>>> print(open('my_file-v5.txt').read())   # compact mmCIF, C-alpha atoms
# COMPACT_ATOMS: atom_id res chain seq x y z
CA MET A 1 9.34 -10.16 -8.06
CA LEU A 2 10.18 -12.65 -10.81
CA ALA A 3 12.91 -15.26 -10.67
CA ALA A 4 14.44 -14.07 -13.92
CA LYS A 5 16.07 -10.69 -13.38
CA VAL A 6 15.05 -7.95 -15.78
CA VAL A 7 17.65 -5.19 -15.70
CA PRO A 8 16.40 -2.06 -17.47
CA LEU A 9 18.86 -0.43 -19.87
CA SER A 10 21.66 -2.76 -18.75
CA LEU A 11 21.87 -1.08 -15.36
CA SER A 12 23.29 -3.04 -12.46
CA LEU A 13 20.84 -2.68 -9.60
CA SER A 14 22.21 -2.91 -6.09
CA SER A 15 19.31 -1.08 -4.43
CA ALA A 16 16.06 0.63 -5.32
CA GLU A 17 17.52 4.05 -4.56
CA LYS A 18 20.67 3.44 -6.61
CA TYR A 19 18.48 2.40 -9.51
CA GLN A 20 16.50 5.62 -9.32
CA GLN A 21 19.64 7.73 -8.88
CA GLU A 22 21.36 6.13 -11.86
CA VAL A 23 18.37 6.70 -14.13
CA VAL A 24 18.15 10.30 -12.95
CA ARG A 25 21.85 10.76 -13.75
CA ARG A 26 21.52 9.28 -17.22
CA HIS A 27 18.15 10.57 -18.33
CA GLY A 28 17.19 13.50 -16.11
CA LEU A 29 14.36 11.71 -14.25
CA GLY A 30 13.38 8.32 -12.86
CA ASN A 31 11.98 5.62 -15.12
CA LEU A 32 9.40 4.98 -12.46
CA ASN A 33 8.30 8.60 -12.51
CA MET A 34 7.81 8.31 -16.25
CA LEU A 35 6.05 4.98 -15.92
CA SER A 36 3.71 6.47 -13.31
CA SER A 37 2.76 9.32 -15.63
CA LEU A 38 -0.55 8.58 -17.30
CA SER A 39 -0.83 11.72 -19.42
CA GLY A 40 1.82 11.32 -22.14
CA SER A 41 0.65 12.47 -25.56
CA ARG A 42 0.83 8.96 -27.06
CA LEU A 43 -1.39 7.62 -24.23
CA GLU A 44 -4.26 9.99 -24.88
CA THR A 45 -6.65 7.40 -26.28
CA LYS A 46 -10.18 6.46 -25.41
CA LYS A 47 -9.37 2.79 -24.99
CA SER A 48 -6.78 1.22 -22.73
CA PRO A 49 -4.87 -1.69 -24.31
CA PHE A 50 -5.58 -3.58 -21.10
CA MET A 51 -9.36 -3.07 -21.28
CA THR A 52 -9.64 -1.72 -17.73
CA PRO A 53 -12.29 0.76 -16.59
CA CYS A 54 -9.86 3.64 -16.04
CA LEU A 55 -10.86 6.99 -17.43
CA ASN A 56 -9.65 8.39 -20.74
CA MET A 57 -5.91 8.83 -20.20
CA SER A 58 -6.06 12.42 -21.45
CA ARG A 59 -8.19 13.28 -18.44
CA VAL A 60 -5.96 11.68 -15.81
CA SER A 61 -4.15 13.87 -13.31
CA THR A 62 -2.34 13.22 -10.06
CA PRO A 63 -2.78 15.04 -6.76
CA PRO A 64 -0.60 18.15 -6.45
CA SER A 65 2.83 17.73 -4.88
CA PRO A 66 4.88 20.36 -3.10
CA SER A 67 8.01 18.95 -4.68
CA PRO A 68 9.73 21.24 -7.21
CA SER A 69 10.33 18.26 -9.52
CA PRO A 70 8.78 18.37 -13.01
CA SER A 71 5.16 17.37 -13.39
CA PRO A 72 4.44 13.90 -14.82
CA THR A 73 3.46 15.40 -18.16
CA GLU A 74 6.64 17.47 -18.35
CA SER A 75 8.71 14.46 -17.32
CA SER A 76 7.23 12.14 -19.93
CA ASP A 77 7.51 14.77 -22.66
CA SER A 78 11.26 15.14 -21.96
CA ILE A 79 11.97 11.43 -22.53
CA PRO A 80 12.96 10.26 -26.02
CA ALA A 81 10.18 8.18 -27.57
CA GLN A 82 12.33 5.07 -27.96
CA LEU A 83 13.41 5.14 -24.32
CA ARG A 84 9.80 5.54 -23.25
CA VAL A 85 8.80 2.49 -25.29
CA ASN A 86 11.72 0.48 -23.85
CA ILE A 87 10.61 1.24 -20.32
CA TYR A 88 7.05 0.12 -20.96
CA SER A 89 8.32 -3.02 -22.69
CA GLU A 90 10.57 -3.96 -19.77
CA SER A 91 7.57 -3.72 -17.42
CA LEU A 92 5.63 -6.30 -19.44
CA PRO A 93 6.80 -9.49 -17.60
CA PHE A 94 5.80 -7.99 -14.26
CA ILE A 95 2.44 -6.79 -15.56
CA GLN A 96 1.77 -10.24 -17.00
CA LYS A 97 2.66 -11.86 -13.67
CA PHE A 98 0.24 -9.76 -11.63
CA ARG A 99 -2.48 -8.80 -14.12
CA GLY A 100 -5.86 -10.01 -12.89
CA LYS A 101 -4.43 -10.81 -9.43
CA THR A 102 -5.61 -9.22 -6.19
CA ILE A 103 -3.07 -7.09 -4.33
CA VAL A 104 -3.95 -5.82 -0.85
CA VAL A 105 -2.07 -2.67 0.19
CA LYS A 106 -2.02 -1.33 3.73
CA TYR A 107 -1.41 2.41 3.71
CA GLY A 108 0.06 4.32 6.64
CA GLY A 109 3.20 5.81 8.14
CA ALA A 110 5.30 8.43 6.33
CA ALA A 111 3.44 7.83 3.07
CA MET A 112 0.27 9.09 4.78
CA LYS A 113 1.88 12.13 6.43
CA SER A 114 3.75 13.55 3.41
CA GLU A 115 1.73 15.11 0.59
CA SER A 116 4.39 14.25 -2.00
CA LEU A 117 4.55 10.60 -0.90
CA GLN A 118 0.77 10.44 -0.76
CA SER A 119 0.67 11.69 -4.35
CA SER A 120 3.21 9.03 -5.31
CA VAL A 121 1.17 6.24 -3.71
CA ILE A 122 -2.08 7.37 -5.34
CA SER A 123 -0.37 7.61 -8.74
CA ASP A 124 1.06 4.10 -8.32
CA LEU A 125 -2.34 2.66 -7.38
CA VAL A 126 -4.01 4.16 -10.41
CA LEU A 127 -1.30 2.94 -12.78
CA LEU A 128 -1.43 -0.59 -11.36
CA SER A 129 -5.22 -0.61 -11.62
CA CYS A 130 -5.07 0.62 -15.20
CA VAL A 131 -2.80 -2.25 -16.27
CA GLY A 132 -5.12 -4.84 -14.77
CA LEU A 133 -4.09 -5.42 -11.15
CA ARG A 134 -6.96 -5.69 -8.69
CA ILE A 135 -6.11 -3.35 -5.83
CA VAL A 136 -7.64 -3.33 -2.34
CA PHE A 137 -6.50 -0.35 -0.26
CA VAL A 138 -6.68 -0.58 3.56
CA HIS A 139 -5.81 2.38 5.78
CA GLY A 140 -5.54 3.54 9.34
CA GLY A 141 -5.00 7.17 10.30
CA GLY A 142 -3.28 7.47 13.66
CA PRO A 143 -1.80 10.98 13.28
CA GLU A 144 -5.10 12.41 12.05
CA ILE A 145 -6.94 10.80 14.97
CA ASN A 146 -4.46 12.32 17.43
CA GLN A 147 -4.92 15.79 15.93
CA TRP A 148 -8.69 15.64 16.33
CA LEU A 149 -8.54 14.23 19.83
CA VAL A 150 -6.32 17.14 20.88
CA ARG A 151 -8.66 19.62 19.16
CA LEU A 152 -11.55 18.22 21.17
CA GLY A 153 -9.61 18.29 24.43
CA ILE A 154 -9.06 14.53 24.70
CA GLN A 155 -5.52 13.40 25.47
CA PRO A 156 -4.38 10.46 23.27
CA ASN A 157 -3.36 7.51 25.43
CA PHE A 158 -1.34 4.45 24.40
CA LEU A 159 -0.44 1.16 26.05
CA ASN A 160 2.41 -0.85 24.51
CA GLY A 161 1.92 0.96 21.23
CA LEU A 162 -1.86 0.34 21.11
CA ARG A 163 -4.37 3.17 21.41
CA VAL A 164 -6.46 3.07 24.58
CA THR A 165 -9.94 3.59 23.15
CA ASP A 166 -12.74 4.57 25.50
CA ALA A 167 -16.25 5.38 24.24
CA SER A 168 -15.44 9.03 23.48
CA THR A 169 -12.23 8.14 21.68
CA MET A 170 -13.99 5.42 19.66
CA GLU A 171 -16.50 7.98 18.45
CA ILE A 172 -13.66 10.22 17.23
CA VAL A 173 -11.85 7.25 15.64
CA SER A 174 -14.95 6.39 13.61
CA MET A 175 -15.56 9.98 12.58
CA VAL A 176 -11.98 10.57 11.46
CA LEU A 177 -11.23 7.22 9.78
CA VAL A 178 -14.59 6.60 8.11
CA GLY A 179 -15.84 10.14 7.56
CA LYS A 180 -12.67 12.09 6.81
CA VAL A 181 -9.57 10.05 5.94
CA ASN A 182 -11.44 7.41 3.93
CA LYS A 183 -13.37 9.90 1.81
CA HIS A 184 -10.27 12.02 1.24
CA LEU A 185 -8.39 9.01 -0.15
CA VAL A 186 -11.36 8.04 -2.31
CA SER A 187 -11.51 11.54 -3.79
CA LEU A 188 -7.76 11.52 -4.53
CA ILE A 189 -7.95 8.17 -6.32
CA ASN A 190 -11.01 9.26 -8.31
CA LYS A 191 -9.30 12.52 -9.25
CA ALA A 192 -6.23 10.58 -10.43
CA GLY A 193 -8.31 8.58 -12.88
CA ALA A 194 -9.43 5.33 -11.26
CA THR A 195 -12.75 4.58 -9.54
CA ALA A 196 -12.55 4.12 -5.77
CA VAL A 197 -15.32 3.13 -3.36
CA GLY A 198 -14.95 3.95 0.33
CA LEU A 199 -16.05 1.45 2.96
CA SER A 200 -15.31 0.47 6.53
CA GLY A 201 -15.23 -2.98 8.07
CA ILE A 202 -18.76 -2.36 9.29
CA ASP A 203 -20.23 -2.10 5.77
CA GLY A 204 -21.74 -5.35 4.54
CA ARG A 205 -20.28 -7.09 7.62
CA LEU A 206 -16.95 -7.00 5.81
CA LEU A 207 -15.17 -7.37 9.15
CA THR A 208 -16.83 -8.60 12.33
CA ALA A 209 -14.96 -7.66 15.48
CA ARG A 210 -14.62 -9.14 18.92
CA PRO A 211 -13.10 -7.50 22.03
CA SER A 212 -9.35 -7.77 22.40
CA HIS A 213 -8.14 -10.08 25.15
CA LYS A 214 -6.81 -6.88 26.76
CA SER A 215 -10.11 -5.05 26.50
CA ASP A 216 -10.09 -4.28 30.22
CA GLN A 217 -6.98 -2.14 29.57
CA LEU A 218 -7.50 -1.02 25.97
CA GLY A 219 -11.24 -0.45 25.82
CA PHE A 220 -12.81 -0.68 22.36
CA VAL A 221 -9.77 -2.11 20.60
CA GLY A 222 -10.88 -5.23 18.76
CA ASP A 223 -9.62 -8.33 17.07
CA ILE A 224 -11.14 -9.70 13.87
CA ALA A 225 -13.57 -12.56 14.44
CA THR A 226 -14.73 -13.13 10.85
CA VAL A 227 -14.23 -11.70 7.36
CA ASP A 228 -16.94 -11.69 4.68
CA PRO A 229 -15.52 -10.16 1.47
CA SER A 230 -18.70 -10.70 -0.58
CA VAL A 231 -19.50 -6.97 -0.51
CA ILE A 232 -16.21 -6.01 -2.18
CA ARG A 233 -15.79 -8.89 -4.65
CA PRO A 234 -18.05 -7.27 -7.29
CA LEU A 235 -16.12 -4.01 -6.90
CA ILE A 236 -12.78 -5.76 -7.39
CA GLN A 237 -14.03 -7.72 -10.39
CA SER A 238 -15.29 -4.49 -11.96
CA GLY A 239 -11.85 -2.92 -11.67
CA HIS A 240 -12.83 -0.52 -8.90
CA ILE A 241 -10.54 0.10 -5.92
CA PRO A 242 -12.15 -0.59 -2.52
CA VAL A 243 -10.74 1.77 0.12
CA ILE A 244 -11.26 0.20 3.56
CA ALA A 245 -11.14 2.04 6.89
CA SER A 246 -10.01 -0.20 9.75
CA VAL A 247 -13.13 0.11 11.90
CA ALA A 248 -15.39 -2.89 12.57
CA ALA A 249 -18.39 -3.80 14.73
CA ASP A 250 -19.24 -6.86 16.78
CA GLN A 251 -22.47 -8.83 16.45
CA GLU A 252 -24.20 -6.41 18.82
CA GLY A 253 -23.23 -3.40 16.68
CA GLN A 254 -20.56 -2.02 18.99
CA SER A 255 -17.77 -0.37 17.00
CA TYR A 256 -14.12 -1.28 17.55
CA ASN A 257 -10.81 0.20 16.50
CA ILE A 258 -8.93 -2.46 14.47
CA ASN A 259 -5.21 -2.50 13.72
CA ALA A 260 -4.92 -1.66 10.00
CA ASP A 261 -2.10 -4.19 9.41
CA THR A 262 -4.27 -6.94 10.87
CA ALA A 263 -7.28 -5.85 8.81
CA ALA A 264 -5.21 -5.89 5.61
CA GLY A 265 -3.76 -9.32 6.37
CA GLU A 266 -7.11 -10.92 7.14
CA LEU A 267 -8.71 -9.36 4.05
CA ALA A 268 -5.83 -10.62 1.87
CA ALA A 269 -6.35 -14.14 3.21
CA ALA A 270 -10.12 -14.05 2.73
CA LEU A 271 -9.76 -12.78 -0.84
CA GLY A 272 -7.06 -15.31 -1.77
CA ALA A 273 -4.80 -12.40 -2.69
CA GLU A 274 -1.61 -12.87 -4.67
CA LYS A 275 0.23 -10.37 -2.51
CA LEU A 276 -0.05 -8.37 0.70
CA ILE A 277 1.97 -5.15 0.94
CA LEU A 278 2.47 -3.18 4.16
CA LEU A 279 3.77 0.36 3.68
CA THR A 280 5.98 1.27 6.66
CA ASP A 281 8.48 3.87 7.90
CA VAL A 282 11.42 1.46 7.77
CA ALA A 283 13.46 -0.16 4.99
CA GLY A 284 12.06 -3.62 5.83
CA ILE A 285 13.41 -6.45 7.99
CA LEU A 286 17.04 -5.91 8.94
CA GLU A 287 19.54 -8.68 9.73
CA ASP A 288 21.10 -6.25 12.19
CA ARG A 289 18.63 -3.77 13.67
CA ASP A 290 21.44 -1.23 14.13
CA ASP A 291 22.65 -1.48 10.53
CA PRO A 292 20.28 0.06 7.95
CA GLY A 293 22.39 -1.56 5.22
CA SER A 294 21.58 -5.09 6.39
CA LEU A 295 18.19 -5.29 4.67
CA VAL A 296 16.88 -8.82 4.16
CA LYS A 297 15.40 -8.80 0.66
CA LYS A 298 13.66 -12.16 0.80
CA VAL A 299 12.97 -14.65 3.57
CA ASP A 300 10.62 -17.59 4.09
CA ILE A 301 8.38 -18.22 7.10
CA LYS A 302 10.92 -20.51 8.77
CA GLY A 303 13.63 -17.91 8.35
CA VAL A 304 11.57 -15.06 9.71
CA LYS A 305 10.48 -17.11 12.74
CA ARG A 306 14.11 -17.95 13.39
CA MET A 307 14.97 -14.24 13.26
CA MET A 308 12.24 -13.49 15.80
CA GLY A 309 13.56 -16.25 18.04
CA ASP A 310 17.05 -14.75 17.81
CA GLY A 311 15.75 -11.31 18.76
CA LYS A 312 16.59 -9.78 15.38
CA ILE A 313 12.96 -8.76 14.89
CA ALA A 314 11.55 -6.79 17.79
CA GLY A 315 9.30 -3.90 18.77
CA GLY A 316 6.76 -2.65 16.27
CA MET A 317 8.06 -4.96 13.55
CA ILE A 318 6.82 -8.08 15.39
CA PRO A 319 3.07 -7.52 14.81
CA LYS A 320 3.73 -6.63 11.15
CA VAL A 321 5.74 -9.82 10.62
CA ASN A 322 3.12 -11.90 12.46
CA CYS A 323 0.43 -10.36 10.24
CA CYS A 324 2.41 -11.37 7.12
CA VAL A 325 3.08 -14.89 8.40
CA ARG A 326 -0.58 -15.42 9.29
CA SER A 327 -1.77 -14.24 5.87
CA ILE A 328 0.68 -16.54 4.05
CA ALA A 329 -0.37 -19.45 6.24
CA GLN A 330 -3.94 -18.79 5.06
CA GLY A 331 -3.06 -18.87 1.37
CA VAL A 332 -1.62 -15.48 0.37
CA CYS A 333 1.30 -16.13 -1.98
CA THR A 334 3.74 -13.49 -0.70
CA ALA A 335 3.72 -10.63 1.79
CA SER A 336 6.06 -7.64 1.64
CA ILE A 337 7.02 -5.04 4.23
CA ILE A 338 8.23 -2.10 2.17
CA ASP A 339 9.71 1.34 2.72
CA GLY A 340 6.89 3.83 2.20
CA ARG A 341 9.41 6.69 2.41
CA LEU A 342 10.68 5.80 -1.09
CA PRO A 343 8.86 7.57 -3.92
CA HIS A 344 6.91 5.06 -6.02
CA SER A 345 7.71 2.26 -3.58
CA LEU A 346 4.69 0.27 -4.82
CA LEU A 347 6.00 0.30 -8.40
CA LEU A 348 9.46 -0.65 -7.18
CA GLU A 349 8.00 -3.61 -5.31
CA ILE A 350 5.69 -4.88 -8.04
CA LEU A 351 7.31 -3.87 -11.34
CA THR A 352 11.01 -4.49 -10.62
CA ASP A 353 13.10 -7.40 -9.38
CA GLU A 354 14.79 -5.15 -6.83
CA GLY A 355 11.72 -4.46 -4.71
CA ALA A 356 11.40 -1.83 -2.01
CA GLY A 357 11.76 -3.83 1.21
CA THR A 358 11.46 -7.40 2.47
CA MET A 359 9.35 -10.09 0.80
CA ILE A 360 8.19 -13.02 2.95
CA THR A 361 7.32 -16.27 1.21
CA GLY A 362 5.73 -19.55 2.32
>>> encode(input="my_file-v5.txt", output="C-alpha cells")
Amino acid sequence: MLAAKVVPLSLSLSSAEKYQQEVVRRHGLGNLNMLSSLSGSRLETKKSPFMTPCLNMSRVSTPPSPSPSPSPTESSDSIPAQLRVNIYSESLPFIQKFRGKTIVVKYGGAAMKSESLQSSVISDLVLLSCVGLRIVFVHGGGPEINQWLVRLGIQPNFLNGLRVTDASTMEIVSMVLVGKVNKHLVSLINKAGATAVGLSGIDGRLLTARPSHKSDQLGFVGDIATVDPSVIRPLIQSGHIPVIASVAADQEGQSYNINADTAAGELAAALGAEKLILLTDVAGILEDRDDPGSLVKKVDIKGVKRMMGDGKIAGGMIPKVNCCVRSIAQGVCTASIIDGRLPHSLLLEILTDEGAGTMITG
C-alpha cells in the first residue's frame, strides 16, 4: 500500500467491497476480475513485458469455479479497450513497488474451503508472479485432515485450538498435507500458468522442528527451531512459486505438525521478505470485536501491542498478531492479516491503496 493514493477512475474508495460494487455497477464487472484475467486477446503474446517465466498468455487458464459469473475471458472481452488499458496503467505504481520483492502468503480458512475463492487465490498468485513478484505460498489443511481422520476412524482432538497429534494422527497429517493438499495446490498453480514446486519443511531442512513446550499434552506439535531457506532461494529467483506444507522434522527425523501461520512468519523473516500476508476468515483486526465496521486498516507494533494489552485482540487472533509482530521484528517490512472471504483479496491488498484487512508496520 503506497502513501500516495491512487483512485481508479475517480472513484472514492471507502472499502474494498464498495470499490468492487461500484465498478460492477458502472462497468458490469470488477476491475480486479479483469486484471486477474490473463487470457485477453491483446495479451496473447509469446513474451511477457515483465520478462517472467510464465507460460504463453494464450495458454493460461484458471481453475473452474462454480460461480455463475462470466469467465475471465468473457469478462475481459466485454470491457472497452481504453478502460482495460487505464486499469493496467493504474496498477503500475503498485507493480513497481513490489516487483522483484518476496511476498510470503499463508493460505487457509475460507479461501481453502470454497472452490470459487480457491480459484480466485490461485489466479491472483499467477498474476502477481507474472508481473514480477516473488511469491512463496505456505499452507495448512485442517479441514482436510479432519475429514481423513474421521474416514480412518480417528476422532480429531483439540486443546486450546491446537490439534492434539499422537503418532497415528501425525502420520495422517503428513499424508494429507504433503501428499494430497500440497500436490493439489501445485497442480492448480501449474494449470493456471505459473510454475509451482511443492515442498514441506522437511525437504532440504527448510524447517527444523523442536517439541512444543506443551508436548506432554499436544504430542507431535512442534515449534520451529531453525529455518534454512537455501533450498527455495533458487526457485524464487527463477520465478517459480514454492508451495510449502507446514510439516517439519527435528534433528532425529521425527515429524511434527507446525502451525502454518508460524511457518509463514519464520520463512518470511529468513527470506528477508517485503511482506507477509495471512489469509483469514475475518476482516482483520477490529477496534471493537463486536463491531465488524471497526476495522483497523493500519497499525504499528506499539499500537497492536497496546490493543492486546487492552483486550481488544483476543482468541485466535492473538497467535496471528504475534506471528506478524515477530516477523517484522526480524526484518519483514510489513505484515497483513486480510479477509480471505473477499474475492481477489490478494490483489486488493497488493495492488490497491484500500487493502483487504489490517496492515501491521514496524
>>> atom_distance(input="my_file-v5.txt", atom1="CA of Thr361 (chain A)", atom2="CA of His139 (chain A)")
23.3 Å
>>> closest_residue(input="my_file-v5.txt", among="A:Met359, A:Ala273, A:Val221, A:Leu278", to="Arg233 (chain A)", atoms="only C-alpha atoms")
A:Ala273
>>> atom_distance(input="my_file-v5.txt", atom1="CA of Ser294 (chain A)", atom2="CA of Val282 (chain A)")
12.2 Å
>>> atom_distance(input="my_file-v5.txt", atom1="CA of Arg84 (chain A)", atom2="CA of Gln118 (chain A)")
24.7 Å
>>> residues_around(input="my_file-v5.txt", residues="Gln237 (chain A)", least_positions_apart="3", cutoff="9 Å", atoms="only C-alpha atoms", output="number ranges by chain")
A: 100, 134, 232-234, 240
>>> residues_near_point(input="my_file-v5.txt", point="(-14.1, -6.6, 20.6)", cutoff="9 Å", atoms="all atoms listed in the file", output="VMD selection string")
chain A and resid 208 to 213 215 219 to 225 248 to 250 254 to 257
>>> closest_residue(input="my_file-v5.txt", among="A:Leu276, A:Leu162, A:Ile328, A:Leu348", to="Gly316 (chain A)", atoms="all atoms listed in the file")
A:Leu162
>>> closest_residue(input="my_file-v5.txt", among="A:Met308, A:Leu117, A:Leu279, A:Leu177", to="Val105 (chain A)", atoms="only C-alpha atoms")
A:Leu279
>>> residues_around(input="my_file-v5.txt", residues="Leu149 (chain A)", least_positions_apart="3", cutoff="10 Å", atoms="all atoms listed in the file", output="number ranges by chain")
A: 143-146, 152-156, 168-169, 172-173, 176
>>> closest_residue(input="my_file-v5.txt", among="A:Leu267, A:Leu188, A:Leu207, A:Ala335", to="Ser120 (chain A)", atoms="all atoms listed in the file")
A:Leu188
>>> closest_residue(input="my_file-v5.txt", among="A:Val243, A:Leu128, A:Leu342, A:Val296", to="Ser116 (chain A)", atoms="all atoms listed in the file")
A:Leu342
>>> closest_residue(input="my_file-v5.txt", among="A:Gly331, A:Pro93, A:Gly140, A:Pro242", to="Leu271 (chain A)", atoms="all atoms listed in the file")
A:Gly331
>>> build_atoms(input="my_file-v5.txt", residues="region 238-247 of chain A", atoms="all heavy atoms", output="CSV table (one decimal), in the coordinates of the input")
chain,number,residue,atom,x,y,z
A,238,SER,N,-15.0,-5.6,-11.0
A,238,SER,CA,-15.3,-4.5,-12.0
A,238,SER,C,-14.1,-3.5,-12.2
A,238,SER,O,-14.3,-2.6,-12.9
A,238,SER,CB,-16.5,-3.7,-11.4
A,238,SER,OG,-17.6,-4.5,-11.3
A,239,GLY,N,-13.0,-3.8,-11.5
A,239,GLY,CA,-11.8,-2.9,-11.7
A,239,GLY,C,-11.9,-1.7,-10.8
A,239,GLY,O,-11.0,-0.8,-10.9
A,240,HIS,N,-12.8,-1.6,-9.9
A,240,HIS,CA,-12.8,-0.5,-8.9
A,240,HIS,C,-11.8,-0.8,-7.8
A,240,HIS,O,-11.4,-1.9,-7.6
A,240,HIS,CB,-14.2,-0.3,-8.3
A,240,HIS,CG,-15.3,0.0,-9.3
A,240,HIS,ND1,-15.0,0.6,-10.5
A,240,HIS,CD2,-16.6,-0.3,-9.4
A,240,HIS,CE1,-16.1,0.7,-11.2
A,240,HIS,NE2,-17.1,0.2,-10.5
A,241,ILE,N,-11.5,0.2,-7.0
A,241,ILE,CA,-10.5,0.1,-5.9
A,241,ILE,C,-11.3,0.3,-4.6
A,241,ILE,O,-11.7,1.4,-4.3
A,241,ILE,CB,-9.4,1.1,-6.0
A,241,ILE,CG1,-8.6,0.9,-7.3
A,241,ILE,CG2,-8.5,1.0,-4.8
A,241,ILE,CD1,-7.5,1.9,-7.5
A,242,PRO,N,-11.5,-0.8,-3.8
A,242,PRO,CA,-12.2,-0.6,-2.5
A,242,PRO,C,-11.1,0.1,-1.6
A,242,PRO,O,-10.0,-0.4,-1.5
A,242,PRO,CB,-12.5,-2.0,-2.1
A,242,PRO,CG,-12.4,-2.9,-3.3
A,242,PRO,CD,-11.4,-2.2,-4.2
A,243,VAL,N,-11.6,1.1,-0.9
A,243,VAL,CA,-10.7,1.8,0.1
A,243,VAL,C,-11.4,1.5,1.5
A,243,VAL,O,-12.5,1.9,1.8
A,243,VAL,CB,-10.7,3.3,-0.2
A,243,VAL,CG1,-9.8,4.0,0.9
A,243,VAL,CG2,-10.1,3.5,-1.6
A,244,ILE,N,-10.7,0.7,2.3
A,244,ILE,CA,-11.3,0.2,3.6
A,244,ILE,C,-10.7,0.9,4.8
A,244,ILE,O,-9.5,0.8,5.0
A,244,ILE,CB,-11.0,-1.3,3.7
A,244,ILE,CG1,-11.3,-2.0,2.3
A,244,ILE,CG2,-11.8,-1.9,4.8
A,244,ILE,CD1,-12.8,-1.9,1.9
A,245,ALA,N,-11.5,1.5,5.6
A,245,ALA,CA,-11.1,2.0,6.9
A,245,ALA,C,-11.2,0.9,7.9
A,245,ALA,O,-12.1,0.1,8.0
A,245,ALA,CB,-12.1,3.2,7.3
A,246,SER,N,-10.2,0.9,8.8
A,246,SER,CA,-10.0,-0.2,9.8
A,246,SER,C,-10.8,0.0,11.0
A,246,SER,O,-10.3,0.1,12.1
A,246,SER,CB,-8.5,-0.4,10.1
A,246,SER,OG,-8.0,0.8,10.6
A,247,VAL,N,-12.2,0.1,10.8
A,247,VAL,CA,-13.1,0.1,11.9
A,247,VAL,C,-14.1,-1.0,11.7
A,247,VAL,O,-14.5,-1.3,10.5
A,247,VAL,CB,-13.9,1.5,11.9
A,247,VAL,CG1,-15.0,1.4,13.0
A,247,VAL,CG2,-12.9,2.6,12.3
